[in-house]
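Some notes on the structure that comes next.
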Amino acid sequence: MPYWIEGMLSATPALAWIFLGLGLPWALVALPGADWRDRPVVALLALAFGPALLTAWMFVLGSLPAPSLRLEWILAGTAALAAVGWALAWRKKALTPSERGGKHSGSLPLDEKLLVVLVAAALVVRWLSAAYWPFTAYDALWVYGYEGRLYALTHTIPASIGYYPQFLPLQYTYLQLAVGGINDHAARAVIPFLHLGSILAAYTLGSRLFTRRVGIYAAAIWTLYPHVGEWSRFGDLEIPTTFLFTAAAAFFLMAWTRLPAAGSEDSALSSQHSALLTRRYAIIAGLLLGIGMWTKPTMGAFIWGVALLAAVEAARWWYVRRFVGTRYGIRYGVSPLRMQVVLWTAVACIPLGAAWYIRNLLLGHPVITMPSGFWLTLAARSGAEFGWPLLAVILLVGYAGFHPLPPPPAPLTGGKPRAFVMMFGLALLLAALLPSIFTPRRMEALEWLLLAAGAALLAGALRKPVLSRWPDEAAQIGWALLLALPYFVTWFYSYSYHYRLSFPIVPLMILPTAVIAAGWTRGLWQAGKGVPEPLSYKPAPHLVYLALVCVLAAPGVVNALYDPNAGWDWLWTDKLPDDTSRYASGNDALMAVVNGLEIFEREQGRPPVVVAPGIVRLPFFMPLADIRTQGAPTRLSELDGVDYFIYGMPETRGVYQDIPPYQNQVISALARADYDPTDTIMRLAWWRDDGFFNYTVYELHLENRFIRSQNGVPPPDGDVVFDGFARLLGHNIGGDYFWPGRKLVMNLFWEVLTPADADYMVYIHLRDKNGQVWDSWDGPVTRTNDGNYYSTLVWEPGEFITDKRELLLRNAETPPGEDTYQIVIGLYDLADNRRVPVTINGKPAGDGYTLAETISIVPGEG
């Protein structure tokens with residue numbers, strides 16, 4: 001058995017305990033007894049509650065002063081929680097009358113069976129993909145996978161950890177503790193189950209708000225959406241957040257839409273049972289919201305969605321009371337009890353949802369860490385972000401205009417005038433969205449106007465017929481889309497630089513498409529509503545439809561087998577035989593750094609001390625090493641005791657982007673190593689560029705900067721000092737003959753006496769005996785090709801600086817002469833070209849110093 005499958009399977013018993021032993025009883029306790037036979041709903045809550053209880057208990061253990069995050073303590077706590085849950089579930093079963101059948105009964109039509117098979121096939125492929133790959137995605141290496149390793153090794157949650165909450169990292173920790181060591185494949189065993197949770201959540205959303213058929217369609221569309229397949233193996237937060245956002249939305253809407261309207265008889269008589277059921281669904285929604293907040297702060301957009309629904313309901317209630325009268329509230333479907341749903345949801349989410357943020361506040365971390373402004377500038381804001389609403393509109397228009405199933409309904413479009421308006425509105429919508437879909441860019445003002453006009457025309461043409469034929473469905477979809485709206489607006493405007501960040505609301509946006517598609521195709525399999533039948537008349541349309549489903553689903557089934565770097569064949573070839581090669585697939589530059597650091601550890605018998613600003617993925621591979629990725633050191637003294645400094649592109653440049661480069665001693669000092677690889681202070685050790693990332697590793701010997709070089713010829717005149725801040729200790733030059741095109745290497749040796757007050761350049765002039773300058777070589781100290789140099793602004797008193805220069809005679813008009821030229825050096829202020837005074841043995845000596853050697857110019861190459 002391949003090692004990666006063995007690693008994945010080795011963690012499965014630990015997962016079974018969490019889902020079945022711990023999550024299942026609490027799912028049964030939370031659900032009304034009537035829902036126990038709705039197995040997908042029970043499984044959904046088991047997949048959510050089990051990990052939530054596990055990680056909450058682990059959070060308590062990890063926050064204790066002593067390292068207590070150990071497997072035996074974890075299992076003891078979960079066993080106690082499971083015992084309580086099973087006792088309550090058993091008691092509840094005894095008090096609940098047994099029911100036969102579930103909410104949905106009857107066999108599935110053939111298309112629904114096909115969709116279930118396709119979903120199952122996609123899950124198998126994604127399980128293999130999740131099992132094969134270790135953590136390779138940026139965020140998983142940076143946060144979740146790294147924290148999972150760190151906690152497993154230290155048995156605690158260090159106080160230094162902030163950022164995102166712990167729902168996912170602590171599960172990675174638990175599974176690695178369960179198998180007895182660091183193992184990416186064991187940690188990742190939970191990934192397919194969280195993905196399954198998102199599928200069950202989409203099913204529950206559709207089935208409990210509409211029908212089982214809609215639920216199957218919603219789950220299938222979500223599962224087979226190719227982007228979901230592509231992202232299903234990476235192990236970051238988007239799939240779990242979708243799972244919890246969609247599940248919370250399903251239960252919240254179940255509570256929100258089941259309340260009796262004001263003025264109806266039900267508001268008084270169904271009474272206690274209906275109210276208790278509604279309260280229970282609202283509390284479950286709140287618990288799921290809390291788990292979502294325990295997963296990722298963006299789940300907070302759900303709160304804004306709830307607030308929006310509450311505001312809309314309050315406005316509707318005010319309208320009914322002000323203009324209609326509460327006894328007619330049933331006509332408008334308003335209910336004052338909905339505010340209680342909001343309250344119960346809010347209260348239930350607080351305990352787990354707030355825990356991590358309160359902890360961050362107490363420890364001095366940012367309560368919530370938002371992406372930097374740089375990412376917001378990348379938001380796409382194009383027509384592609386409206387893809388799901390556009391698909392729903394196209395299907396609705398198609399259904400409205402061309403619904404072919406007998407018996408023929410009354411024309412939905414209301415005749416030719418309305419049909420024309422509908423088609424014109426759709427044309428405007430397409431004109432607004434398609435240009436920025438085919439040529440990705442932000443939508444322009446005219447396109448926004450076209451979008452608004454098209455939406456208004458379509459709403460006018462379709463509102464009455466849709467509301468008259470599907471009043472309940474339209475209301476359910478309306479509430480669901482309102483719940484998603486705040487997240488959509490935030491994502492579209494700020495975070496639409498990547499499709500995965502839209503995932504949490506995709507099942508809600510899919511819902512209209514699922515309702516229309518399920519309703520449109522239902523007649524292929526049923527002679528009457530709710531009466532399943534086998535294939536009957538005209539088999540050709542059925543087969544064509546099933547073939548079309550397979551074709552559309554195929555990319556979503558197989559695309560988890562594709563990797564942008566490894567291609568399609570990694571699973572059945574040996575091109576990536578181990579985790580080292582798999583880490584390097586797409587992370588080649590990073591792994592070159594890791595390999596070098598591991599060599600250091602083997603040779604030195606200790607892990608290296610590393611400063612790598614912004615290179616946040618590096619600690620994943622050496623969790624216990626002192627690898628400092630936070631902060632931006634600007635003085636070399638901050639690097640004392642450090643073995644390596646690593647400069648990464650684009651990460652380190654981003655960390656330092658707001659710090660003036662020539663006031664940054666650390667970055668300026670890199671020029672010494674880049675210009676002269678033999679520099680003994682910051683030695684260029686190795687580097688790697690993989691096309692996406694570039695890392696340069698510098699070996700540090702900073703103590704050498706305070707050791708005087710023994711090279712160079714001292715000035716024969718005595719003590720040569722420039723402006724009181726720099727002493728010329730000596731120089732050397734690789735020859736005393738020049739001819740046009742010849743290059744001489746010269747070194748100047750400086751001692752820093754006091755801090756400089758300006759950014760000074762060094763001038764080097766070739767002068768004849770009359771003082772005429774025939775060539776010059778001006779520039780800063782150790783200037784590199786990218787413009788960096790060791791600015792005098794960052795020179796530190798007491799350090800010794802070797803300034804290497806290459807002098808190329810460029811002036812072909814320089815007259816030949818034997819010992820007729822001399823080299824003069826000096827310093828001048830870059831800002832105003834002011835030359836600094838020179839003293840020799842404390843006496844003024846002008847603004848330059850003439851070296852003792854004489855230089856000869858010979859014609860041509862000598």
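Order determines the names: the first chain of the structure tokens is A, the second B, and so forth; residues in each chain are numbered 1 upward, and ligands are numbered 1 upward as they are shown.
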
Within 12 Å of region 817-836 of chain A, which residues of region 633-729 of chain A come that close, and what is the closest atom pair and distance in Å for each? Count only C-alpha atoms and give it as CSV.
```
residue,atom,partner,partner_atom,distance
A:Val720,CA,A:Gly826,CA,11.0
A:Val721,CA,A:Val836,CA,10.1
A:Phe722,CA,A:Val836,CA,6.6
A:Asp723,CA,A:Val836,CA,5.6
A:Gly724,CA,A:Val836,CA,9.4
A:Phe725,CA,A:Val836,CA,10.2
A:Ala726,CA,A:Leu827,CA,10.0
A:Arg727,CA,A:Gly826,CA,11.5
A:Leu728,CA,A:Ile825,CA,10.1
```

inquiry  = Can you tell me which residues surround Ala121 (chain A) at a distance of at most 10 Å, considering only C-alpha atoms, apart from same-chain residues fewer than 4 positions away, and format the answer as an MDAnalysis selection string?
reply    = chainID A and resid 115:117 125:127 556:558

query = Interatomic distance between CA of Met1 (chain A) and CA of Arg188 (chain A)?
reply = 17.6 Å

Shortest interatomic distance to Pro297 (chain A) - which of A:Gly181, A:Pro471, A:Pro371, A:Pro797, counting only C-alpha atoms = A:Pro371

note = Tyr763 (chain A) proximity check over A:Leu793, A:Gly848, A:Ala249, A:Ala566, using only C-alpha atoms: winner is A:Gly848

key: helix (DSSP H, G or I) residues, from DSSP on the backbone, in region 38-79 of chain A, as a VMD selection string   = chain A and resid 39 to 62 71 to 79

Write out as a PDB file with C-alpha atoms, in the first residue's frame which residues come within 8 Å of region 651-659 of chain A when counting only C-alpha atoms, dropping same-chain ones fewer than 3 positions away.
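Okay, around30.pdb is ready:
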```pdb
ATOM      1  CA  ALA A 612      13.213  35.705   6.796  1.00  0.00           C
ATOM      2  CA  PRO A 613      10.857  38.717   6.788  1.00  0.00           C
ATOM      3  CA  GLY A 614       7.516  37.855   5.228  1.00  0.00           C
ATOM      4  CA  ILE A 615       8.517  34.321   4.157  1.00  0.00           C
ATOM      5  CA  GLY A 631       8.663  42.136  11.706  1.00  0.00           C
ATOM      6  CA  ALA A 632      11.121  44.050   9.549  1.00  0.00           C
ATOM      7  CA  TYR A 647      15.415  37.973   1.208  1.00  0.00           C
ATOM      8  CA  GLY A 648      12.345  36.767  -0.671  1.00  0.00           C
ATOM      9  CA  GLN A 663      17.560  54.422   5.944  1.00  0.00           C
ATOM     10  CA  ASN A 664      17.445  50.643   6.288  1.00  0.00           C
TER      11      ASN A 664
END
```

key: Using only C-alpha atoms: which of A:Pro714, A:Asp139, A:Trp795, A:Leu205 has the shortest distance to Ala669 (chain A)   =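 The shortest atom-to-atom distance to Ala669 (chain A) comes from A:Trp795.
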
inquiry  = Need to verify the contact set: region 717-719 of chain A, 7 Å, only C-alpha atoms, exclusion of same-chain residues closer than 2 positions in sequence. Can you return it as a list in words?
reply    = Pro715, Val721, Ile840 and Asn841 of chain A

ask   = Quick one, how far is CA of Trp739 (chain A) from CA of Glu813 (chain A)?
value =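 It comes out at 10.4 Å.
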
key: Pairwise distance for CA of Phe245 (chain A) and CA of Trp375 (chain A), rounded to one decimal in Å   =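 We find that CA of Phe245 (chain A) and CA of Trp375 (chain A) lie 23.3 Å from each other.
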
message = Could you list, as JSON, numbers by chain, every residue within 8 Å of Pro366 (chain A), counting only C-alpha atoms and ignoring same-chain residues fewer than 6 positions away?
response = {"A": [162, 163, 360]}

ask   = Got a sec: who's within 12 Å of Met591 (chain A), counting only C-alpha atoms, leaving out chain neighbours fewer than 4 positions off, as a PyMOL selection string?
value = chain A and resi 136+579-587+595-598+617-622+687-690+693-695

Saved selection, atoms kept: C-alpha atoms, as a PDB file, in the first residue's frame:
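Generated file (part20.pdb):
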```
ATOM      1  CA  THR A 136       1.546  22.569  -0.681  1.00  0.00           C
ATOM      2  CA  ASP A 579       6.795  14.235  -0.155  1.00  0.00           C
ATOM      3  CA  THR A 580      10.007  16.156  -0.782  1.00  0.00           C
ATOM      4  CA  SER A 581       9.364  16.130  -4.516  1.00  0.00           C
ATOM      5  CA  ARG A 582       5.685  16.948  -3.961  1.00  0.00           C
ATOM      6  CA  TYR A 583       6.502  19.917  -1.750  1.00  0.00           C
ATOM      7  CA  ALA A 584       8.831  21.148  -4.484  1.00  0.00           C
ATOM      8  CA  SER A 585       6.082  20.916  -7.115  1.00  0.00           C
ATOM      9  CA  GLY A 586       5.207  24.583  -7.338  1.00  0.00           C
ATOM     10  CA  ASN A 587       7.465  25.476  -4.396  1.00  0.00           C
ATOM     11  CA  ASN A 595      17.179  21.859   1.870  1.00  0.00           C
ATOM     12  CA  GLY A 596      20.051  24.225   2.599  1.00  0.00           C
ATOM     13  CA  LEU A 597      18.835  24.878   6.139  1.00  0.00           C
ATOM     14  CA  GLU A 598      18.478  21.145   6.750  1.00  0.00           C
ATOM     15  CA  ARG A 617       5.762  29.395   4.742  1.00  0.00           C
ATOM     16  CA  LEU A 618       9.286  28.573   5.876  1.00  0.00           C
ATOM     17  CA  PRO A 619       8.549  27.647   9.544  1.00  0.00           C
ATOM     18  CA  PHE A 620       6.228  24.838   8.372  1.00  0.00           C
ATOM     19  CA  PHE A 621       9.245  22.712   7.513  1.00  0.00           C
ATOM     20  CA  MET A 622      11.158  23.434  10.740  1.00  0.00           C
ATOM     21  CA  TRP A 687      19.634  31.502  -4.151  1.00  0.00           C
ATOM     22  CA  ARG A 688      16.805  30.047  -6.237  1.00  0.00           C
ATOM     23  CA  ASP A 689      14.198  31.509  -8.600  1.00  0.00           C
ATOM     24  CA  ASP A 690      11.302  29.278  -9.677  1.00  0.00           C
ATOM     25  CA  PHE A 693       9.251  33.189  -5.990  1.00  0.00           C
ATOM     26  CA  ASN A 694      12.882  34.185  -5.654  1.00  0.00           C
ATOM     27  CA  TYR A 695      14.854  33.573  -2.463  1.00  0.00           C
TER      28      TYR A 695
END
```

task = Go through A:Ile857, A:Leu809, A:Leu118, A:Val794 one by one, measure the shortest atom-to-atom distance of each to Asp736 (chain A) using only C-alpha atoms, and give the residue with the smallest value.
result =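 Ranking A:Ile857, A:Leu809, A:Leu118, A:Val794 by distance to Asp736 (chain A), first place goes to A:Ile857.
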
key: Residue neighbourhood Leu808 (chain A), 7 Å, only C-alpha atoms, exclusion window fewer than 5 positions, as a PyMOL selection string   = chain A and resi 741-744
